[in-house]
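Asks: Pasting in a structure now, in structure tokens, and then I'll have a few things to ask.
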Amino acid sequence: MLKKGSKLNSILTGSCPKCQKESMYLDKNPLHLTKVLKMNDHCSHCGLKYQIEPSFFYGAMYVSYGLNVAVGIAAFIVSFVFFGVTIEQSFLTIVISLIVLFPFVLRLSRNLYINMFVSYDPKAGHK
């Protein structure tokens, strides 16, 4: 499922989308909130510059918005439909879900966004 060369591997692991040999992030743990967006400038294996153009990752905000809407809808369906709680409790469930999943959604949106523009190259990083 997560074999090297697949977009899914790069998206879920946060590895370089071109060579998939190292993490794009200085700290792999998204729960270290002060470092959640700290990224390497480029890949040390293939040389890919992660900030492809100035303010490149601003586009990831749109991806993040879509992911947060999906999380909110899923939280509502699970709480209201499956557990039968009130609308107010469902709203609280949505808010708590968004707060708890914030660092994961933030990283996932950046991973998805850069993978829209950069494809895996099995020859990347070979000299």
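In the structure tokens, the first chain shown is A, the next is B, and so on; residue numbers restart at 1 for each chain, and ligands run from 1 in the order shown.
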Excluding A:Leu26 and any residue of its chain fewer than 6 positions from it, enumerate the residues within 8 Å of it, using only C-alpha atoms, and give them as a PyMOL selection string.
Replies: chain A and resi 35+38-40
Asks: Applying 12 Å and only C-alpha atoms, which residues near A:Asp27 remain after dropping the ones on its own chain fewer than 4 positions away? List them as a ChimeraX atom specification.
Replies: /A:14-15,22-23,31-40,107
Asks: If we count only C-alpha atoms, what is near stretch 57-74 of chain A at a cut-off of 12 Å, once residues fewer than 2 positions away on the same chain are taken out, given as a PyMOL selection string?
Replies: chain A and resi 37+39+50-55+76-82+90-117
Asks: Deliver the residues from the most recent selection as a file, using C-alpha atoms, as a compact mmCIF listing (two decimals), in the first residue's frame.
Replies:
# COMPACT_ATOMS: atom_id res chain seq x y z
CA LEU A 37 5.46 23.97 9.77
CA MET A 39 10.56 22.50 6.73
CA TYR A 50 10.37 22.52 -1.39
CA GLN A 51 9.41 26.19 -1.59
CA ILE A 52 8.98 25.98 -5.37
CA GLU A 53 8.12 29.67 -5.62
CA PRO A 54 7.64 32.46 -3.07
CA SER A 55 4.61 31.79 -0.86
CA PHE A 76 -21.15 15.43 12.58
CA ILE A 77 -22.24 12.19 10.93
CA VAL A 78 -20.54 10.04 13.56
CA SER A 79 -21.87 12.03 16.52
CA PHE A 80 -25.37 12.92 15.32
CA VAL A 81 -26.32 9.96 13.14
CA PHE A 82 -24.50 7.07 14.82
CA SER A 90 -22.55 17.52 17.55
CA PHE A 91 -21.29 21.07 17.11
CA LEU A 92 -19.03 20.64 20.13
CA THR A 93 -17.77 17.35 18.66
CA ILE A 94 -16.92 19.12 15.39
CA VAL A 95 -15.01 21.89 17.19
CA ILE A 96 -13.05 19.43 19.35
CA SER A 97 -12.26 17.23 16.32
CA LEU A 98 -10.94 20.21 14.36
CA ILE A 99 -8.76 21.37 17.27
CA VAL A 100 -7.35 17.90 17.97
CA LEU A 101 -6.67 17.10 14.30
CA PHE A 102 -5.32 20.57 13.41
CA PRO A 103 -1.59 19.68 13.24
CA PHE A 104 -2.29 16.52 11.21
CA VAL A 105 -4.55 18.36 8.74
CA LEU A 106 -1.98 21.13 8.42
CA ARG A 107 0.80 18.71 7.48
CA LEU A 108 -1.44 16.58 5.29
CA SER A 109 -2.58 19.63 3.32
CA ARG A 110 1.03 20.64 2.61
CA ASN A 111 1.90 17.09 1.61
CA LEU A 112 -1.09 16.88 -0.73
CA TYR A 113 -0.37 20.29 -2.24
CA ILE A 114 3.29 19.70 -3.10
CA ASN A 115 2.43 16.26 -4.49
CA MET A 116 0.07 17.94 -6.97
CA PHE A 117 3.06 19.61 -8.59
Asks: Can you list every residue in chain A that DSSP puts in strand (DSSP E or B), as a PDB file with C-alpha atoms, in the first residue's frame?
Replies:
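For reference, part.pdb as written:
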ATOM      1  CA  SER A  15       8.721  12.493   2.509  1.00  0.00           C
ATOM      2  CA  SER A  23      11.241  13.877   5.403  1.00  0.00           C
ATOM      3  CA  TYR A  25      10.023  18.499   7.820  1.00  0.00           C
ATOM      4  CA  MET A  39      10.559  22.497   6.734  1.00  0.00           C
ATOM      5  CA  HIS A  42      15.560  21.414  -0.020  1.00  0.00           C
ATOM      6  CA  LYS A  49      13.580  22.910  -3.424  1.00  0.00           C
TER       7      LYS A  49
END
Asks: From a DSSP calculation on the backbone, collect every residue of stretch 2-109 of chain A in helix (DSSP H, G or I) and output the set as a ChimeraX atom specification.
Replies: /A:7-13,33-35,56-82,87-109
Asks: Would you compute the distance between atom CA of A:Ala124 and atom CA of A:Asp41? Give it in Å to one decimal.
Replies: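 Calculated distance between atom CA of A:Ala124 and atom CA of A:Asp41 is 16.9 Å.
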Asks: Which is closer to A:Gly5 than all the others in A:Gly84, A:Pro122, A:Gly47, A:Pro30, using only C-alpha atoms?
Replies: A:Pro122
